[in-house]
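Here is the structure we will look at.
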Amino acid sequence: MPKTQQFTITKCALAVAFASLCIIPANVSAQDYQPSPENMQARREYQDMKFGMFIHWGVYSVLGDGEWVFHERHLTVDEYNRLPSFFDPEKFDARTWVALAKAAGMKYITITSRHHDGFAMFDSKVSDWNIVARTPYKKDPLKMLADECHRQGIKLFFYYSQLDWHNPDYFPRGQTSWNNGRPDHGDFNSYLDNYMDGQLTELLTNYGAIAGIWFDGMWDKPDGDWHLQKTYALIHKLQPAALIIPNHHQTPRPGEDVQTFERDLPGQNTAGFNTKYVSSDIPLESSDTLNGAWGFNIGDSNYKSPAELERKLIRAAGNNSNLLLNIGPYPNGEIDPQFVTRLQAVGEWLAKYGDSIYGTRGGPVPPGDWGVTTQKDNRIYVHVLNWGSPLLALPPIAEKISSAHLLLGGESIDVTQTADGVILKLRAQGKDEVDRVVVLTVAR
Ligand code: FHN
């Protein structure tokens, strides 16, 4: 095996991994999972936050061709091993990143701790395939980010790819495999129990309170035994409030705390990734990209406008879901100014309309082309996104409406409520008006 492929599992990491294995029986069963009170509280807080920043950033960013470049170009492991020596993000500033998320009105960040290339963007003792050991930067950006998130009051989730295109023990290979020079054998159980659980232990031990782990890549081996219940139990043991968010595109399993939908609203599958099943028990999330790419792609200028992004957020909230909006920073640590201006614009919109988004749940009226509803306490927020006529007819609302007014400015709105439905009288759409929010006060 070439030297670069040798994984240096230290005694220390093994001790941590085995300590957890001693406490968590291998046969931990799905039925054993009862979310702790801290976990239930974290789920509610998660739903209240509504809007998060997704960040795909790794050594692949150097090539400016997305996070799948290793696979897309069918590089060998030896070739890909050259990449970390070019990754030196001297402009990375955790304070600026977190401040941007805040300016955008985002309440949490979910960042790739490692993507499918298996390269740890943190100081891992489990393997030297990590940013501190292999790059000229030699520092741990996730530690800086975690400290800054704690300082600025932003929750931090770690994305973790279960799929690994680099580690020989990721064997048998999955459906995305190609011949990249790894040996034709490996120990998948060791990969899961020592390597992956060892790194998860590091992430949930060395970075303070972590809001959760966002898993991705299980779809690469849909029939594999991923030791999920053991890994989930480890996470909940280390940090009971940490939420497990699996992007496996399947019906949620016990131990999972949030159901996430990729590039779609809950229940939709226009992008071809998701199950149409929508959980009514756990919080929901929809993830999407600000342009078309996850990791930095120099050829992608397909930026969504602030109005499009605001509508995505509104539609997510109206579908009882969070929106996790992705950016792919440059390899030098800077964030594309096109991302920055758009995020700031969304933040300005939220500064005015946030009351109808944060802390809400999906409203009583089913979403439609016309718009969506959200609700909080004794208020129903009617988000009008398409103005077809001056009268908006909604299906019946069970509670008695006592008043209707515009969220912005407080102007009273004519409302008629009968057993057949609710009719709102609306002025025509204003220039550049994205969302007309009518607040219905109801008896609850
Ligand atoms: O393959 C990944 C992809 O690179 C990206 O990380 C997205 C984010 O949801 N998830 C995977 C595809 O399901």
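Every chain in the structure tokens has a letter given in the order shown (A, B, ...), and although residue numbers restart at 1 in each chain, ligands are simply numbered from 1 in the order shown.
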DSSP on the backbone, then: every residue of region 225-332 of chain A marked alpha helix (DSSP H), written as a PyMOL selection string. chain A and resi 228-238+306-318
Could you build a table of the residues in chain A lying no more than 6 Å from ligand 1, giving for each the nearest pair of atoms and their separation in Å rounded to one decimal place, using only C-alpha atoms and all ligand atoms, ordered by chain and ascending residue number, as a tab-separated table?
residue	atom	partner	partner_atom_place_in_ligand_line	distance
A:Glu67	CA	ligand 1	4 (O)	5.8
A:Glu262	CA	ligand 1	9 (O)	5.3
A:Trp294	CA	ligand 1	5 (C)	5.9
Within 12 Å of Leu228 (chain A), counting only C-alpha atoms, which residues qualify if same-chain residues fewer than 5 places away don't, as a list in words?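 My list of contacting residues is Ala26, Asn27, Val28, Ser29, Ala30, Tyr33, Gln162, Asn189, Leu192, Asp193, Met196, Asp197, Phe215, Met218, Ala233, Leu234, Ile235, Ile244, Pro246, His248, Pro252, Arg253, Pro254, Gly255 and Glu256 of chain A.
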Please, could you write that set of residues out with N, CA and C atoms as a JSON list (two decimals), in the first residue's frame?
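Written output follows (result15.json):
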[["chain", "number", "residue", "atom", "x", "y", "z"],
["A", 26, "ALA", "N", -23.28, -3.73, 20.72],
["A", 26, "ALA", "CA", -23.36, -3.78, 19.25],
["A", 26, "ALA", "C", -24.78, -4.07, 18.79],
["A", 27, "ASN", "N", -25.58, -4.71, 19.64],
["A", 27, "ASN", "CA", -26.91, -5.10, 19.20],
["A", 27, "ASN", "C", -27.97, -4.09, 19.62],
["A", 28, "VAL", "N", -27.55, -2.85, 19.89],
["A", 28, "VAL", "CA", -28.50, -1.82, 20.27],
["A", 28, "VAL", "C", -29.64, -1.81, 19.25],
["A", 29, "SER", "N", -30.87, -1.87, 19.69],
["A", 29, "SER", "CA", -31.94, -2.04, 18.71],
["A", 29, "SER", "C", -32.68, -0.73, 18.46],
["A", 30, "ALA", "N", -33.29, -0.69, 17.29],
["A", 30, "ALA", "CA", -33.99, 0.51, 16.87],
["A", 30, "ALA", "C", -35.05, 0.91, 17.87],
["A", 33, "TYR", "N", -34.61, 3.39, 21.06],
["A", 33, "TYR", "CA", -34.40, 4.84, 21.02],
["A", 33, "TYR", "C", -35.60, 5.63, 21.52],
["A", 162, "GLN", "N", -20.58, 9.48, 5.04],
["A", 162, "GLN", "CA", -20.33, 8.07, 5.37],
["A", 162, "GLN", "C", -19.63, 7.39, 4.19],
["A", 189, "ASN", "N", -16.30, -3.12, 8.61],
["A", 189, "ASN", "CA", -16.67, -3.00, 10.03],
["A", 189, "ASN", "C", -15.67, -2.10, 10.76],
["A", 192, "LEU", "N", -16.30, 1.51, 9.87],
["A", 192, "LEU", "CA", -17.43, 2.11, 10.59],
["A", 192, "LEU", "C", -17.12, 2.30, 12.08],
["A", 193, "ASP", "N", -16.61, 1.24, 12.70],
["A", 193, "ASP", "CA", -16.51, 1.25, 14.17],
["A", 193, "ASP", "C", -15.28, 2.02, 14.67],
["A", 196, "MET", "N", -14.89, 5.83, 11.36],
["A", 196, "MET", "CA", -16.00, 6.79, 11.37],
["A", 196, "MET", "C", -16.44, 7.14, 12.79],
["A", 197, "ASP", "N", -16.68, 6.14, 13.60],
["A", 197, "ASP", "CA", -17.13, 6.44, 14.97],
["A", 197, "ASP", "C", -16.01, 7.14, 15.75],
["A", 215, "PHE", "N", -25.62, 13.53, 8.12],
["A", 215, "PHE", "CA", -24.98, 12.42, 7.39],
["A", 215, "PHE", "C", -25.35, 12.45, 5.91],
["A", 218, "MET", "N", -24.90, 7.45, 2.47],
["A", 218, "MET", "CA", -25.33, 6.08, 2.72],
["A", 218, "MET", "C", -25.98, 5.47, 1.48],
["A", 233, "ALA", "N", -26.48, 5.79, 18.59],
["A", 233, "ALA", "CA", -26.43, 5.74, 20.06],
["A", 233, "ALA", "C", -25.18, 6.43, 20.58],
["A", 234, "LEU", "N", -24.08, 6.26, 19.87],
["A", 234, "LEU", "CA", -22.82, 6.93, 20.27],
["A", 234, "LEU", "C", -23.02, 8.45, 20.26],
["A", 235, "ILE", "N", -23.61, 8.96, 19.20],
["A", 235, "ILE", "CA", -23.81, 10.42, 19.07],
["A", 235, "ILE", "C", -24.71, 10.91, 20.21],
["A", 244, "ILE", "N", -29.58, 14.15, 14.79],
["A", 244, "ILE", "CA", -29.06, 13.34, 13.68],
["A", 244, "ILE", "C", -29.93, 13.60, 12.46],
["A", 246, "PRO", "N", -30.03, 12.58, 8.63],
["A", 246, "PRO", "CA", -29.47, 11.73, 7.59],
["A", 246, "PRO", "C", -30.01, 12.07, 6.21],
["A", 248, "HIS", "N", -30.23, 10.27, 3.62],
["A", 248, "HIS", "CA", -30.18, 8.98, 2.92],
["A", 248, "HIS", "C", -31.34, 8.84, 1.93],
["A", 252, "PRO", "N", -37.53, 8.01, 7.41],
["A", 252, "PRO", "CA", -36.70, 8.10, 8.63],
["A", 252, "PRO", "C", -36.72, 6.82, 9.45],
["A", 253, "ARG", "N", -35.59, 6.57, 10.12],
["A", 253, "ARG", "CA", -35.46, 5.38, 10.98],
["A", 253, "ARG", "C", -35.34, 5.83, 12.43],
["A", 254, "PRO", "N", -35.54, 4.91, 13.35],
["A", 254, "PRO", "CA", -35.38, 5.28, 14.76],
["A", 254, "PRO", "C", -33.98, 5.83, 15.01],
["A", 255, "GLY", "N", -33.91, 6.82, 15.86],
["A", 255, "GLY", "CA", -32.61, 7.43, 16.17],
["A", 255, "GLY", "C", -32.35, 8.67, 15.34],
["A", 256, "GLU", "N", -33.15, 8.88, 14.30],
["A", 256, "GLU", "CA", -32.96, 10.05, 13.45],
["A", 256, "GLU", "C", -33.89, 11.16, 13.92]]
Write down as a list in words the residues belonging to region 57-204 of chain A that are assigned strand (DSSP E or B) by DSSP computed on the backbone.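 Output for region 57-204 of chain A, strand (DSSP E or B) only: Asp65, Tyr108, Ile109, Thr110, Ile111, Thr112, Ser113, Arg114, Ala120, Asn130, Lys155, Leu156, Phe157, Phe158, Tyr159, Tyr160 and Ser161 of chain A.
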Quick one: distance from CA of Phe188 (chain A) to CA of His227 (chain A) in Å, one decimal?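 Calculated distance between CA of Phe188 (chain A) and CA of His227 (chain A) is 10.3 Å.
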Nearest to Asp223 (chain A): which of A:Asn386, A:Ser305, A:Gln175, A:Thr76 is it, counting only C-alpha atoms?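 Closest to Asp223 (chain A) of all the choices is A:Gln175.
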List as a list in words the protein and nucleic acid residues near Ser286 (chain A), meaning an atom at most 6 Å away when only C-alpha atoms are counted, but skip any in the same chain fewer than 2 places from it. Thr260, Phe261, Glu262, Leu265 and Leu323 of chain A
Can I get the selection written as a JSON list (two decimals), in the first residue's frame, with N, CA and C atoms?
[["chain", "number", "residue", "atom", "x", "y", "z"],
["A", 260, "THR", "N", -34.56, 15.29, 6.13],
["A", 260, "THR", "CA", -34.10, 16.33, 5.21],
["A", 260, "THR", "C", -34.38, 15.95, 3.76],
["A", 261, "PHE", "N", -34.66, 16.95, 2.96],
["A", 261, "PHE", "CA", -35.01, 16.76, 1.55],
["A", 261, "PHE", "C", -34.01, 17.56, 0.72],
["A", 262, "GLU", "N", -33.42, 16.91, -0.28],
["A", 262, "GLU", "CA", -32.38, 17.57, -1.06],
["A", 262, "GLU", "C", -32.97, 18.28, -2.27],
["A", 265, "LEU", "N", -38.83, 20.63, -1.63],
["A", 265, "LEU", "CA", -39.63, 20.78, -0.42],
["A", 265, "LEU", "C", -40.06, 19.40, 0.06],
["A", 323, "LEU", "N", -35.08, 25.82, 5.87],
["A", 323, "LEU", "CA", -34.31, 25.89, 4.62],
["A", 323, "LEU", "C", -32.83, 25.94, 4.98]]
Any idea what's packed within 6 Å of Tyr160 (chain A), counting only C-alpha atoms, ignoring anything in its chain fewer than 2 positions away? Could you give it as an MDAnalysis selection string? chainID A and resid 113:114 214:215
Counting only C-alpha atoms, what is within 12 Å of region 275-280 of chain A, bar same-chain residues fewer than 2 positions away, as a ChimeraX atom specification? /A:247-254,256-262,264-273,282-286,319-321,362
Atoms to include: C-alpha atoms. Write the selected residues as a PDB file, in the first residue's frame.
ATOM      1  CA  ASN A 247     -29.547  12.582   3.918  1.00  0.00           C
ATOM      2  CA  HIS A 248     -30.183   8.984   2.917  1.00  0.00           C
ATOM      3  CA  HIS A 249     -33.284   9.912   0.887  1.00  0.00           C
ATOM      4  CA  GLN A 250     -35.337   7.241   2.656  1.00  0.00           C
ATOM      5  CA  THR A 251     -38.105   7.039   5.230  1.00  0.00           C
ATOM      6  CA  PRO A 252     -36.698   8.103   8.626  1.00  0.00           C
ATOM      7  CA  ARG A 253     -35.455   5.383  10.976  1.00  0.00           C
ATOM      8  CA  PRO A 254     -35.380   5.282  14.762  1.00  0.00           C
ATOM      9  CA  GLU A 256     -32.956  10.054  13.446  1.00  0.00           C
ATOM     10  CA  ASP A 257     -34.121  13.458  14.604  1.00  0.00           C
ATOM     11  CA  VAL A 258     -34.784  15.443  11.418  1.00  0.00           C
ATOM     12  CA  GLN A 259     -35.940  14.438   7.929  1.00  0.00           C
ATOM     13  CA  THR A 260     -34.097  16.334   5.213  1.00  0.00           C
ATOM     14  CA  PHE A 261     -35.005  16.757   1.545  1.00  0.00           C
ATOM     15  CA  GLU A 262     -32.380  17.569  -1.058  1.00  0.00           C
ATOM     16  CA  ASP A 264     -36.904  19.919  -2.860  1.00  0.00           C
ATOM     17  CA  LEU A 265     -39.635  20.782  -0.425  1.00  0.00           C
ATOM     18  CA  PRO A 266     -40.877  17.978   1.838  1.00  0.00           C
ATOM     19  CA  GLY A 267     -42.851  15.436  -0.170  1.00  0.00           C
ATOM     20  CA  GLN A 268     -41.543  16.627  -3.525  1.00  0.00           C
ATOM     21  CA  ASN A 269     -39.104  14.764  -5.681  1.00  0.00           C
ATOM     22  CA  THR A 270     -38.451  16.998  -8.668  1.00  0.00           C
ATOM     23  CA  ALA A 271     -34.680  16.577  -8.265  1.00  0.00           C
ATOM     24  CA  GLY A 272     -34.869  12.769  -8.206  1.00  0.00           C
ATOM     25  CA  PHE A 273     -33.319  12.308  -4.754  1.00  0.00           C
ATOM     26  CA  ILE A 282     -39.798  14.847  13.439  1.00  0.00           C
ATOM     27  CA  PRO A 283     -38.728  18.278  12.124  1.00  0.00           C
ATOM     28  CA  LEU A 284     -38.271  18.768   8.394  1.00  0.00           C
ATOM     29  CA  GLU A 285     -35.566  20.449   6.356  1.00  0.00           C
ATOM     30  CA  SER A 286     -35.081  21.301   2.717  1.00  0.00           C
ATOM     31  CA  ASN A 319     -44.381  23.451   4.413  1.00  0.00           C
ATOM     32  CA  ASN A 320     -43.375  23.248   8.082  1.00  0.00           C
ATOM     33  CA  SER A 321     -39.729  22.973   7.101  1.00  0.00           C
ATOM     34  CA  GLY A 362     -46.682  25.348   8.848  1.00  0.00           C
TER      35      GLY A 362
END
Quick one: everything within 7 Å of Lys304 (chain A), counting only C-alpha atoms, minus sequence neighbours fewer than 4 positions away in the same chain. Send it as JSON, numbers by chain. {"A": [290, 291, 308, 309]}
Written selection (N, CA, C and O atoms) as a PDB file, in the first residue's frame:
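The result, written out as part29.pdb:
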ATOM      1  N   LEU A 290     -27.239  28.121  -3.490  1.00  0.00           N
ATOM      2  CA  LEU A 290     -27.467  29.528  -3.859  1.00  0.00           C
ATOM      3  C   LEU A 290     -27.241  29.733  -5.361  1.00  0.00           C
ATOM      4  O   LEU A 290     -27.973  30.468  -6.009  1.00  0.00           O
ATOM      5  N   ASN A 291     -26.212  29.070  -5.904  1.00  0.00           N
ATOM      6  CA  ASN A 291     -26.150  28.995  -7.375  1.00  0.00           C
ATOM      7  C   ASN A 291     -26.551  27.555  -7.720  1.00  0.00           C
ATOM      8  O   ASN A 291     -27.549  27.098  -7.171  1.00  0.00           O
ATOM      9  N   GLU A 308     -35.939  35.038  -5.324  1.00  0.00           N
ATOM     10  CA  GLU A 308     -36.077  33.565  -5.423  1.00  0.00           C
ATOM     11  C   GLU A 308     -35.733  32.901  -4.096  1.00  0.00           C
ATOM     12  O   GLU A 308     -36.402  31.959  -3.662  1.00  0.00           O
ATOM     13  N   LEU A 309     -34.673  33.389  -3.474  1.00  0.00           N
ATOM     14  CA  LEU A 309     -34.236  32.785  -2.204  1.00  0.00           C
ATOM     15  C   LEU A 309     -35.280  33.029  -1.116  1.00  0.00           C
ATOM     16  O   LEU A 309     -35.593  32.144  -0.318  1.00  0.00           O
TER      17      LEU A 309
END
Closest of A:Gly363, A:Gly371, A:Gly354, A:Gly174 to Trp219 (chain A) - atom-to-atom distances counting only C-alpha atoms: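 For Trp219 (chain A), the nearest of the candidates is A:Gly174.
Minimum atom-to-atom distance to Ile335 (chain A), evaluated using only C-alpha atoms, belongs to A:Asp93 out of A:Asp369, A:Glu148, A:Glu433, A:Asp93.
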Counting only C-alpha atoms, which of A:Ser124, A:Gln41, A:Thr441, A:Ser61 gets nearest to Leu407 (chain A)?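 So, comparing all the options, the nearest one is A:Thr441.
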Between CA of Ile55 (chain A) and CA of Lys376 (chain A), what is the distance, to one decimal in Å?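 For CA of Ile55 (chain A) relative to CA of Lys376 (chain A), the distance reads 29.5 Å.
Compared by their closest atoms to Tyr60 (chain A), and using only C-alpha atoms, the residues A:Arg43, A:His166, A:Lys107, A:His115 rank with A:His115 nearest.
You can rank A:Tyr330, A:Tyr108, A:Phe51, A:Trp349 by their closest distance to Phe92 (chain A) using only C-alpha atoms, and at the top of that list sits A:Tyr330.
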For region 106-126 of chain A against region 136-147 of chain A, with a cut-off of 8 Å and counting only C-alpha atoms, what is the closest atom pair and its distance in Å to one decimal for every residue that makes the cut, ordered by chain and number, as a tab-separated table?
residue	atom	partner	partner_atom	distance
A:Ser113	CA	A:Leu142	CA	7.5
A:Met121	CA	A:Leu142	CA	7.0
A:Phe122	CA	A:Asp140	CA	5.0
A:Asp123	CA	A:Asp140	CA	5.6
What does the file look like for those residues with N, CA, C and O atoms, as a PDB file, in the first residue's frame?
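Final file, result21.pdb:
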ATOM      1  N   SER A 113     -17.564  18.526   7.496  1.00  0.00           N
ATOM      2  CA  SER A 113     -16.360  18.159   8.265  1.00  0.00           C
ATOM      3  C   SER A 113     -15.508  17.229   7.408  1.00  0.00           C
ATOM      4  O   SER A 113     -14.294  17.183   7.545  1.00  0.00           O
ATOM      5  N   MET A 121     -11.615  17.951   7.408  1.00  0.00           N
ATOM      6  CA  MET A 121     -11.311  19.385   7.483  1.00  0.00           C
ATOM      7  C   MET A 121     -11.107  19.801   8.935  1.00  0.00           C
ATOM      8  O   MET A 121     -11.275  20.958   9.293  1.00  0.00           O
ATOM      9  N   PHE A 122     -10.722  18.834   9.765  1.00  0.00           N
ATOM     10  CA  PHE A 122     -10.495  19.109  11.185  1.00  0.00           C
ATOM     11  C   PHE A 122      -9.294  18.290  11.649  1.00  0.00           C
ATOM     12  O   PHE A 122      -8.797  17.416  10.929  1.00  0.00           O
ATOM     13  N   ASP A 123      -8.853  18.584  12.849  1.00  0.00           N
ATOM     14  CA  ASP A 123      -7.665  17.940  13.405  1.00  0.00           C
ATOM     15  C   ASP A 123      -8.057  16.556  13.913  1.00  0.00           C
ATOM     16  O   ASP A 123      -8.532  16.416  15.025  1.00  0.00           O
TER      17      ASP A 123
END
